[in-house]
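Worksheet: the structure to be examined is printed underneath.
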Amino acid sequence: MFLVTGATGNVGRHVLTQLLTQGHKVRALSRRPDKAAWPIEVEVVAGDLTDRTALAAALSGVEAAFLLAAPGCGPDFAAAAESAGVGRVVLMSSGAVGDASAEVRASAIAAYHAEVEHALQASRLEWTFLRPGAFAANSLGWASQTKTGDVIRGAYAEATSAPIHEADIADAAVAALTRDGHGGQAYRLTGPDSLTNAELARILGQTLGRPIAYQELPPEQVRAAMTGHVPAPIVDSLLAIWAASVGRPAEVTSDVEKVTGHPARSFSAWVADHAQDF
Ligand SMILES: NC(=O)c1ccc[n+]([C@@H]2O[C@H](COP(=O)([O-])OP(=O)(O)OC[C@H]3O[C@@H](n4cnc5c(N)ncnc54)[C@H](OP(=O)(O)O)[C@@H]3O)[C@@H](O)[C@H]2O)c1
């Protein structure tokens, strides 16, 4: 039995589907199980990653788990997984942990992922850390603008990232969950190209077949727009990370290929897979 957390999210939904396709038994943990349509074969446990009772129920009889790094969940998850006799845990951490830039390493984003990593490292569990950079799926935040016009307004036109397709992270997760040789490894997963926000908008437009431009807004205007639905320390971290990336190519690694055997998908391929969302 495999446990998939975050199974209603960008990456977890692919992990769940792939494990089922490979013929594995799968259980999912969700805080809102009634809101999702689950394949009939999936066992669903309702609960939060920070709830010990839910964790005990979710981990009973599990051989390997895909863990989403909910803030603060590490110690209880590691203890519950050890008690349940779980062998392997593949954590979706973040590329902010161990990033080359001091601003990123010092961010609240790096801190809460590192805390979950430390809890697993201190346990007897076999762990693998996936440290993805920016998700290509973050661009879905622009969809409301592309549906009503041809200009994306946002922070730092020249901020860089190497956006990764969620399916590549899921492919790596399934490889680490189901095959030997990944224990004690930390993989820095990125897309194949370092791109600025302005270039992402251009590729989005090219792939959708119409010109799309990027208009830079002052950081304080972006902060005001994010405040209220993103926690303040995360808003601060994101703005600092974007600012620090201007003029600096984003890290590009070959870890997707190393773990999955295939090269990372391009941003253009990601847009083609999500064209209907824009
Ligand atoms: N976005 C990026 O660029 C990026 C980069 C590096 C790493 N990451 C990591 O990827 C994670 C997912 O990112 P995302 O923004 O794309 O989110 P998402 O996958 O769209 O959704 C979050 C998922 O996490 C589950 N979840 C969240 N908190 C939970 C909790 N306390 N207990 C149980 N389940 C919980 C939700 O499940 P239910 O609602 O069904 O409970 C949902 O399936 C982030 O938290 C971060 O750790 C993201």
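Going through the structure tokens in order, the chains are called A, B, and so on, while each chain numbers its residues from 1 and the ligands are numbered from 1 in the order shown.
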
Output the neighbourhood of ligand 1 as number ranges by chain, that is, all protein and nucleic acid residues with some atom at most 8 Å from the ligand, counting only C-alpha atoms and all ligand atoms. A: 5-13, 29-33, 35-36, 47-50, 68-71, 73, 92-96, 113, 131-138, 163

Let's see if you can do this: from backbone DSSP, list all alpha helix (DSSP H) residues in segment 220-261 of chain A, as an MDAnalysis selection string. chainID A and resid 220:226 232:245 255:260

Correct to one decimal, the distance atom CA of Val97 of chain A-atom CA of Ala110 of chain A is 4.9 Å

Would you kindly return, as a ChimeraX atom specification, each protein, DNA or RNA residue with an atom no farther than 7 Å from any atom of Asp255 of chain A, considering only C-alpha atoms and excluding same-chain residues fewer than 4 positions away? /A:187-189,259

Could you write those residues out with N, CA, C and O atoms, as a compact mmCIF listing (two decimals), in the first residue's frame?
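Printed below is part-v9.txt as written:
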# COMPACT_ATOMS: atom_id res chain seq x y z
N TYR A 187 17.28 15.45 -4.66
CA TYR A 187 17.35 15.79 -6.08
C TYR A 187 16.84 17.21 -6.30
O TYR A 187 15.76 17.56 -5.82
N ARG A 188 17.61 17.99 -7.04
CA ARG A 188 17.21 19.36 -7.37
C ARG A 188 16.54 19.32 -8.75
O ARG A 188 17.22 19.23 -9.77
N LEU A 189 15.22 19.33 -8.75
CA LEU A 189 14.46 19.15 -9.99
C LEU A 189 14.12 20.51 -10.60
O LEU A 189 13.52 21.36 -9.92
N VAL A 259 16.79 10.83 -12.61
CA VAL A 259 15.88 10.00 -11.81
C VAL A 259 14.85 9.28 -12.68
O VAL A 259 14.49 8.14 -12.41

Every residue of segment 15-167 of chain A that DSSP places in strand (DSSP E), as a ChimeraX atom specification: /A:26-30,43-46,64-68,88-92,126-132,151-155,160-161

As a compact mmCIF listing (two decimals) with C-alpha atoms, in the first residue's frame, please: the residues near Ile169 of chain A (cut-off 8 Å, only C-alpha atoms, same-chain neighbours under 3 positions excluded).
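What landed in part27.txt:
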# COMPACT_ATOMS: atom_id res chain seq x y z
CA VAL A 11 1.88 16.91 -8.32
CA LEU A 130 12.69 16.10 -4.16
CA PRO A 132 11.80 21.30 -7.15
CA ILE A 164 9.16 22.54 -14.04
CA HIS A 165 6.20 20.53 -15.30
CA GLU A 166 4.34 18.91 -12.40
CA ALA A 172 10.58 11.40 -10.15
CA ALA A 173 8.42 10.75 -7.08
CA LEU A 189 14.46 19.15 -9.99
CA VAL A 256 14.82 14.97 -13.78
